[in-house]
>>> print(open('final.csv').read())   # CSV, C-alpha atoms
chain,number,residue,atom,x,y,z
X,1,MET,CA,79.4,116.3,109.0
X,2,ASP,CA,81.2,113.0,109.5
X,3,VAL,CA,84.1,111.7,107.5
X,4,VAL,CA,85.3,108.0,107.3
X,5,VAL,CA,88.6,107.5,109.3
X,6,GLY,CA,88.6,103.7,109.0
X,7,ARG,CA,86.6,100.5,108.2
X,8,ILE,CA,86.4,97.4,110.3
X,9,ALA,CA,87.7,94.5,108.2
X,10,LYS,CA,87.3,91.6,110.6
X,11,ALA,CA,87.5,90.3,114.1
X,12,HIS,CA,91.0,89.3,115.3
X,13,GLY,CA,91.6,86.8,118.1
X,14,ILE,CA,89.1,85.8,120.8
X,15,ARG,CA,89.0,88.9,123.0
X,16,GLY,CA,87.1,91.3,120.7
X,17,GLU,CA,90.0,92.9,119.0
X,18,LEU,CA,89.2,94.2,115.5
X,19,ALA,CA,91.4,94.7,112.4
X,20,VAL,CA,90.8,98.2,111.0
X,21,ASP,CA,91.7,99.5,107.5
X,22,VAL,CA,92.8,103.1,108.4
X,23,ARG,CA,91.6,106.0,106.2
X,24,THR,CA,93.2,108.9,108.0
X,25,ASP,CA,96.6,110.6,108.0
X,26,SER,CA,96.4,111.0,111.8
X,27,PRO,CA,95.7,107.5,113.2
X,28,GLN,CA,97.6,108.3,116.4
X,29,GLN,CA,95.0,111.0,117.1
X,30,ARG,CA,91.9,109.2,115.8
X,31,PHE,CA,92.7,105.9,117.5
X,32,ALA,CA,94.2,107.2,120.8
X,33,ILE,CA,93.2,105.5,124.0
X,34,GLY,CA,90.0,107.1,125.3
X,35,ALA,CA,89.0,108.6,121.9
X,36,VAL,CA,85.3,108.0,121.0
X,37,VAL,CA,84.4,107.0,117.4
X,38,THR,CA,81.0,106.7,115.8
X,39,THR,CA,80.5,103.4,114.0
X,40,LYS,CA,78.1,103.2,111.1
X,41,LEU,CA,77.0,99.6,110.9
X,42,ARG,CA,76.0,97.7,107.7
X,43,ASP,CA,72.3,98.3,108.6
X,44,SER,CA,73.0,102.1,108.7
X,45,SER,CA,72.6,102.3,112.5
X,46,THR,CA,75.2,104.0,114.5
X,47,ARG,CA,77.0,103.3,117.8
X,48,GLU,CA,79.6,105.1,119.8
X,49,LEU,CA,82.7,103.1,120.8
X,50,THR,CA,85.6,104.1,123.0
X,51,ILE,CA,89.2,103.1,122.1
X,52,ALA,CA,90.7,100.9,124.7
X,53,ALA,CA,93.9,99.9,122.8
X,54,ALA,CA,95.4,100.1,119.3
X,55,ARG,CA,98.5,98.7,117.7
X,56,GLU,CA,99.8,98.1,114.2
X,57,HIS,CA,99.7,94.6,112.7
X,58,SER,CA,100.3,93.5,109.1
X,59,GLY,CA,99.4,96.8,107.4
X,60,ARG,CA,96.2,97.3,109.5
X,61,LEU,CA,95.5,98.7,113.0
X,62,LEU,CA,94.3,96.2,115.6
X,63,VAL,CA,91.8,98.1,117.8
X,64,ARG,CA,90.1,97.0,121.0
X,65,PHE,CA,87.0,98.9,122.1
X,66,GLU,CA,85.9,99.2,125.8
X,67,GLU,CA,82.4,98.1,124.7
X,68,VAL,CA,83.5,95.0,122.7
X,69,LEU,CA,84.6,92.2,125.0
X,70,THR,CA,84.2,89.0,122.9
X,71,ARG,CA,84.8,87.8,119.4
X,72,ASP,CA,81.1,87.3,118.9
X,73,VAL,CA,80.4,91.0,119.5
X,74,ALA,CA,83.4,91.9,117.3
X,75,GLU,CA,82.0,89.8,114.4
X,76,THR,CA,78.8,92.0,114.5
X,77,LEU,CA,80.9,95.0,113.6
X,78,ARG,CA,82.5,93.6,110.5
X,79,GLY,CA,82.3,96.1,107.6
X,80,ALA,CA,81.3,99.0,109.9
X,81,LEU,CA,82.7,102.4,109.0
X,82,LEU,CA,84.5,104.4,111.7
X,83,LEU,CA,83.5,108.1,111.5
X,84,ALA,CA,84.9,111.4,112.9
X,85,ASP,CA,83.4,114.8,112.9
X,86,THR,CA,84.9,117.0,110.2
X,87,GLU,CA,85.1,119.9,112.6
X,88,THR,CA,87.8,118.0,114.6
X,89,LEU,CA,90.0,117.3,111.6
X,90,PRO,CA,93.3,119.1,111.5
X,91,PRO,CA,94.2,121.1,108.4
X,92,THR,CA,96.1,119.0,105.9
X,93,GLY,CA,98.9,121.5,105.6
X,94,ASP,CA,99.6,120.4,102.0
X,95,PRO,CA,97.8,122.2,99.1
X,96,ASP,CA,97.8,118.8,97.2
X,97,GLU,CA,96.0,116.8,99.9
X,98,PHE,CA,92.3,116.8,100.4
X,99,TYR,CA,89.8,115.2,102.7
X,100,ASP,CA,87.2,113.1,100.9
X,101,HIS,CA,84.3,115.2,102.2
X,102,GLU,CA,85.9,118.4,100.6
X,103,LEU,CA,85.7,116.8,97.1
X,104,ALA,CA,82.2,115.4,97.3
X,105,GLY,CA,79.8,117.8,95.5
X,106,LEU,CA,82.5,119.6,93.4
X,107,SER,CA,81.7,120.4,89.8
X,108,ALA,CA,83.7,118.3,87.3
X,109,GLU,CA,84.8,120.4,84.3
X,110,LEU,CA,87.0,120.1,81.3
X,111,ALA,CA,89.8,122.6,80.8
X,112,ASP,CA,87.5,124.6,78.5
X,113,GLY,CA,85.0,125.0,81.3
X,114,THR,CA,82.5,122.5,80.0
X,115,VAL,CA,80.7,120.9,83.0
X,116,VAL,CA,80.7,117.1,82.7
X,117,GLY,CA,79.3,116.2,86.0
X,118,LYS,CA,79.6,116.3,89.8
X,119,VAL,CA,81.9,114.5,92.2
X,120,VAL,CA,79.8,112.0,94.2
X,121,GLU,CA,82.5,110.5,96.4
X,122,VAL,CA,86.1,109.4,96.6
X,123,VAL,CA,86.5,105.6,96.2
X,124,HIS,CA,89.5,104.0,97.8
X,125,SER,CA,90.7,100.9,96.0
X,126,PRO,CA,93.9,98.8,96.3
X,127,ALA,CA,95.1,100.4,93.1
X,128,GLY,CA,94.6,104.0,94.3
X,129,GLU,CA,91.9,106.6,94.7
X,130,LEU,CA,89.1,107.2,92.2
X,131,LEU,CA,86.6,110.0,91.8
X,132,GLU,CA,83.1,108.8,91.3
X,133,LEU,CA,81.3,111.2,89.1
X,134,ASP,CA,77.7,111.6,88.2
X,135,HIS,CA,78.0,112.1,84.5
X,136,ASP,CA,74.7,112.5,82.7
X,137,GLY,CA,72.9,110.4,85.2
X,138,ARG,CA,75.4,107.5,85.2
X,139,SER,CA,78.3,106.7,87.5
X,140,VAL,CA,81.8,107.1,86.0
X,141,LEU,CA,85.0,106.3,87.9
X,142,VAL,CA,88.0,108.6,87.2
X,143,PRO,CA,91.5,107.8,88.5
X,144,PHE,CA,92.4,110.6,90.9
X,145,VAL,CA,95.8,111.3,89.5
X,146,ARG,CA,97.4,114.6,88.5
X,147,ALA,CA,97.5,113.6,84.8
X,148,ILE,CA,93.7,113.2,84.6
X,149,VAL,CA,92.7,115.6,87.4
X,150,PRO,CA,95.3,118.4,87.1
X,151,VAL,CA,93.3,121.0,89.1
X,152,VAL,CA,91.4,120.7,92.4
X,153,ASP,CA,89.9,124.0,93.4
X,154,VAL,CA,88.0,123.4,96.6
X,155,ALA,CA,87.4,127.1,97.2
X,156,GLY,CA,86.1,127.5,93.6
X,157,GLY,CA,83.9,124.4,93.9
X,158,ARG,CA,85.4,122.5,91.0
X,159,VAL,CA,87.9,119.9,89.7
X,160,VAL,CA,89.3,120.1,86.2
X,161,LEU,CA,89.6,116.9,84.2
X,162,ASP,CA,91.9,116.0,81.3
X,163,PRO,CA,90.4,112.6,80.6
X,164,PRO,CA,91.9,110.2,78.1
X,165,GLU,CA,89.8,109.4,75.1
X,166,GLY,CA,86.8,107.2,75.9
X,167,LEU,CA,86.8,107.7,79.7
X,168,LEU,CA,83.6,109.7,79.8
X,169,ASP,CA,81.9,108.0,76.8
X,170,ALA,CA,78.8,105.9,77.3
X,171,ASP,CA,79.4,102.1,77.1
>>> encode(input="final.csv", output="structure tokens")
Amino acid sequence: MDVVVGRIAKAHGIRGELAVDVRTDSPQQRFAIGAVVTTKLRDSSTRELTIAAAREHSGRLLVRFEEVLTRDVAETLRGALLLADTETLPPTGDPDEFYDHELAGLSAELADGTVVGKVVEVVHSPAGELLELDHDGRSVLVPFVRAIVPVVDVAGGRVVLDPPEGLLDAD
């Protein structure tokens, strides 16, 4: 199974460097020189790329790949997701930290055990993380904060919600 470790935001400069929004707690490992990442392009095709260089710049990582030598080629990668195999991910070491793939598929329940849906994915937004739930066939975004999601039980296959009034109501 693959997990997203970054997203290519845009080309940078004229030599094929790319600005990457990092989505991993171990960028030094994931973007080390010589590391190979799988890119999932906007058309859903995939391509293997080898890290040639990486450096921090304005809150992003600027990455150069061995296979991307010009800005024109770099532009074709805009919006691509950078993937890593979940088998190679280190343990988080923190009981309150989770990888996105660990949460997808968990049952979403209220404190009394009532099942209200299933976690579809974790959505990363500028304001913070959201859990996208399938709730009665419709998508509901739930802020992934302890006040609303007080329990995450990966081993038990569930998250417990304490939603504010109206959060799960139909529009």
>>> residues_around(input="final.csv", residues="Val119 of chain X", least_positions_apart="2", cutoff="8 Å", atoms="all atoms listed in the file", output="ChimeraX atom specification")
/X:103-108,117,121-122,131-134
>>> closest_residue(input="final.csv", among="X:Pro143, X:Asp72, X:Gly157, X:Val151", to="Lys118 of chain X", atoms="only C-alpha atoms")
X:Gly157
>>> closest_atom_pairs(input="final.csv", of="segment 50-159 of chain X", to="segment 4-27 of chain X", cutoff="10 Å", atoms="all atoms listed in the file", output="JSON lines")
{"residue": "X:Ala52", "atom": "CA", "partner": "X:Glu17", "partner_atom": "CA", "distance": 9.8}
{"residue": "X:Ala53", "atom": "CA", "partner": "X:Glu17", "partner_atom": "CA", "distance": 8.9}
{"residue": "X:Ala54", "atom": "CA", "partner": "X:Glu17", "partner_atom": "CA", "distance": 9.0}
{"residue": "X:Arg55", "atom": "CA", "partner": "X:Ala19", "partner_atom": "CA", "distance": 9.7}
{"residue": "X:Glu56", "atom": "CA", "partner": "X:Ala19", "partner_atom": "CA", "distance": 9.2}
{"residue": "X:His57", "atom": "CA", "partner": "X:Ala19", "partner_atom": "CA", "distance": 8.3}
{"residue": "X:Ser58", "atom": "CA", "partner": "X:Ala19", "partner_atom": "CA", "distance": 9.6}
{"residue": "X:Gly59", "atom": "CA", "partner": "X:Asp21", "partner_atom": "CA", "distance": 8.2}
{"residue": "X:Arg60", "atom": "CA", "partner": "X:Asp21", "partner_atom": "CA", "distance": 5.4}
{"residue": "X:Leu61", "atom": "CA", "partner": "X:Val20", "partner_atom": "CA", "distance": 5.1}
{"residue": "X:Leu62", "atom": "CA", "partner": "X:Ala19", "partner_atom": "CA", "distance": 4.6}
{"residue": "X:Val63", "atom": "CA", "partner": "X:Leu18", "partner_atom": "CA", "distance": 5.2}
{"residue": "X:Arg64", "atom": "CA", "partner": "X:Glu17", "partner_atom": "CA", "distance": 4.6}
{"residue": "X:Phe65", "atom": "CA", "partner": "X:Glu17", "partner_atom": "CA", "distance": 7.4}
{"residue": "X:Glu66", "atom": "CA", "partner": "X:Gly16", "partner_atom": "CA", "distance": 9.5}
{"residue": "X:Glu67", "atom": "CA", "partner": "X:Gly16", "partner_atom": "CA", "distance": 9.2}
{"residue": "X:Val68", "atom": "CA", "partner": "X:Gly16", "partner_atom": "CA", "distance": 5.5}
{"residue": "X:Leu69", "atom": "CA", "partner": "X:Gly16", "partner_atom": "CA", "distance": 5.1}
{"residue": "X:Thr70", "atom": "CA", "partner": "X:Gly16", "partner_atom": "CA", "distance": 4.3}
{"residue": "X:Arg71", "atom": "CA", "partner": "X:Gly16", "partner_atom": "CA", "distance": 4.4}
{"residue": "X:Asp72", "atom": "CA", "partner": "X:Gly16", "partner_atom": "CA", "distance": 7.4}
{"residue": "X:Val73", "atom": "CA", "partner": "X:Gly16", "partner_atom": "CA", "distance": 6.8}
{"residue": "X:Ala74", "atom": "CA", "partner": "X:Gly16", "partner_atom": "CA", "distance": 5.1}
{"residue": "X:Glu75", "atom": "CA", "partner": "X:Ala11", "partner_atom": "CA", "distance": 5.5}
{"residue": "X:Thr76", "atom": "CA", "partner": "X:Ala11", "partner_atom": "CA", "distance": 8.9}
{"residue": "X:Leu77", "atom": "CA", "partner": "X:Ile8", "partner_atom": "CA", "distance": 6.8}
{"residue": "X:Arg78", "atom": "CA", "partner": "X:Lys10", "partner_atom": "CA", "distance": 5.2}
{"residue": "X:Gly79", "atom": "CA", "partner": "X:Ile8", "partner_atom": "CA", "distance": 5.1}
{"residue": "X:Ala80", "atom": "CA", "partner": "X:Ile8", "partner_atom": "CA", "distance": 5.4}
{"residue": "X:Leu81", "atom": "CA", "partner": "X:Arg7", "partner_atom": "CA", "distance": 4.4}
{"residue": "X:Leu82", "atom": "CA", "partner": "X:Gly6", "partner_atom": "CA", "distance": 5.0}
{"residue": "X:Leu83", "atom": "CA", "partner": "X:Val4", "partner_atom": "CA", "distance": 4.6}
{"residue": "X:Ala84", "atom": "CA", "partner": "X:Val5", "partner_atom": "CA", "distance": 6.5}
{"residue": "X:Asp85", "atom": "CA", "partner": "X:Val4", "partner_atom": "CA", "distance": 9.0}
{"residue": "X:Thr86", "atom": "CA", "partner": "X:Val4", "partner_atom": "CA", "distance": 9.5}
{"residue": "X:Leu89", "atom": "CA", "partner": "X:Ser26", "partner_atom": "CA", "distance": 9.0}
{"residue": "X:Pro90", "atom": "CA", "partner": "X:Ser26", "partner_atom": "CA", "distance": 8.7}
{"residue": "X:Thr92", "atom": "CA", "partner": "X:Asp25", "partner_atom": "CA", "distance": 8.7}
{"residue": "X:Tyr99", "atom": "CA", "partner": "X:Thr24", "partner_atom": "CA", "distance": 8.9}
{"residue": "X:Asp100", "atom": "CA", "partner": "X:Val4", "partner_atom": "CA", "distance": 8.4}
{"residue": "X:His101", "atom": "CA", "partner": "X:Val4", "partner_atom": "CA", "distance": 8.9}
{"residue": "X:His124", "atom": "CA", "partner": "X:Arg23", "partner_atom": "CA", "distance": 8.9}
>>> closest_residue(input="final.csv", among="X:Leu161, X:Leu141, X:Ala147, X:Val3", to="Thr114 of chain X", atoms="all atoms listed in the file")
X:Leu161
>>> atom_distance(input="final.csv", atom1="atom CA of Leu110 of chain X", atom2="atom CA of Leu168 of chain X")
11.0 Å
>>> residues_around(input="final.csv", residues="Ala127 of chain X", least_positions_apart="2", cutoff="12 Å", atoms="all atoms listed in the file", output="list in words")
Val123, His124, Ser125, Glu129, Leu130, Pro143, Phe144 and Val145 of chain X
>>> atom_distance(input="final.csv", atom1="atom CA of Val149 of chain X", atom2="atom CA of Gly137 of chain X")
20.6 Å
>>> atom_distance(input="final.csv", atom1="atom CA of Val154 of chain X", atom2="atom CA of Gln29 of chain X")
25.0 Å
>>> build_atoms(input="final.csv", residues="segment 1-26 of chain X", atoms="N, CA and C atoms", output="short mmCIF file (atom, residue, chain, number, x, y, z; two decimals), keeping the file's coordinate frame")
data_model
loop_
_atom_site.label_atom_id
_atom_site.label_comp_id
_atom_site.auth_asym_id
_atom_site.auth_seq_id
_atom_site.Cartn_x
_atom_site.Cartn_y
_atom_site.Cartn_z
N MET X 1 79.22 117.31 110.04
CA MET X 1 79.40 116.30 109.00
C MET X 1 80.45 115.33 109.44
N ASP X 2 80.24 114.08 109.08
CA ASP X 2 81.20 113.00 109.50
C ASP X 2 82.02 112.61 108.26
N VAL X 3 83.23 112.16 108.56
CA VAL X 3 84.10 111.70 107.50
C VAL X 3 84.64 110.28 108.00
N VAL X 4 84.85 109.40 107.03
CA VAL X 4 85.30 108.00 107.30
C VAL X 4 86.80 108.08 107.67
N VAL X 5 87.16 107.54 108.85
CA VAL X 5 88.60 107.50 109.30
C VAL X 5 89.07 106.01 109.27
N GLY X 6 88.16 105.06 109.05
CA GLY X 6 88.60 103.70 109.00
C GLY X 6 87.36 102.77 108.71
N ARG X 7 87.67 101.50 108.40
CA ARG X 7 86.60 100.50 108.20
C ARG X 7 87.05 99.23 108.87
N ILE X 8 86.13 98.66 109.61
CA ILE X 8 86.40 97.40 110.30
C ILE X 8 86.43 96.28 109.32
N ALA X 9 87.57 95.62 109.19
CA ALA X 9 87.70 94.50 108.20
C ALA X 9 87.24 93.21 108.78
N LYS X 10 87.66 92.91 110.04
CA LYS X 10 87.30 91.60 110.60
C LYS X 10 87.66 91.57 112.08
N ALA X 11 87.12 90.56 112.75
CA ALA X 11 87.50 90.30 114.10
C ALA X 11 88.88 89.66 114.14
N HIS X 12 89.62 89.88 115.24
CA HIS X 12 91.00 89.30 115.30
C HIS X 12 91.12 88.73 116.75
N GLY X 13 91.38 87.46 116.84
CA GLY X 13 91.60 86.80 118.10
C GLY X 13 90.23 86.56 118.84
N ILE X 14 90.32 86.20 120.11
CA ILE X 14 89.10 85.80 120.80
C ILE X 14 88.62 86.83 121.83
N ARG X 15 89.33 87.93 121.97
CA ARG X 15 89.00 88.90 123.00
C ARG X 15 88.33 90.18 122.45
N GLY X 16 87.81 90.12 121.24
CA GLY X 16 87.10 91.30 120.70
C GLY X 16 87.91 92.29 119.97
N GLU X 17 89.17 91.98 119.70
CA GLU X 17 90.00 92.90 119.00
C GLU X 17 89.54 92.93 117.50
N LEU X 18 89.69 94.07 116.84
CA LEU X 18 89.20 94.20 115.50
C LEU X 18 90.34 94.74 114.57
N ALA X 19 90.44 94.18 113.36
CA ALA X 19 91.40 94.70 112.40
C ALA X 19 90.70 95.81 111.61
N VAL X 20 91.37 96.96 111.56
CA VAL X 20 90.80 98.20 111.00
C VAL X 20 91.66 98.63 109.80
N ASP X 21 91.03 98.88 108.65
CA ASP X 21 91.70 99.50 107.50
C ASP X 21 91.61 101.02 107.77
N VAL X 22 92.74 101.65 107.98
CA VAL X 22 92.80 103.10 108.40
C VAL X 22 92.63 103.95 107.13
N ARG X 23 91.82 105.00 107.26
CA ARG X 23 91.60 106.00 106.20
C ARG X 23 91.80 107.39 106.73
N THR X 24 92.86 107.58 107.48
CA THR X 24 93.20 108.90 108.00
C THR X 24 94.68 109.05 108.05
N ASP X 25 95.14 110.28 107.90
CA ASP X 25 96.60 110.60 108.00
C ASP X 25 97.00 110.77 109.43
N SER X 26 96.04 110.76 110.37
CA SER X 26 96.40 111.00 111.80
C SER X 26 95.82 109.86 112.65
#
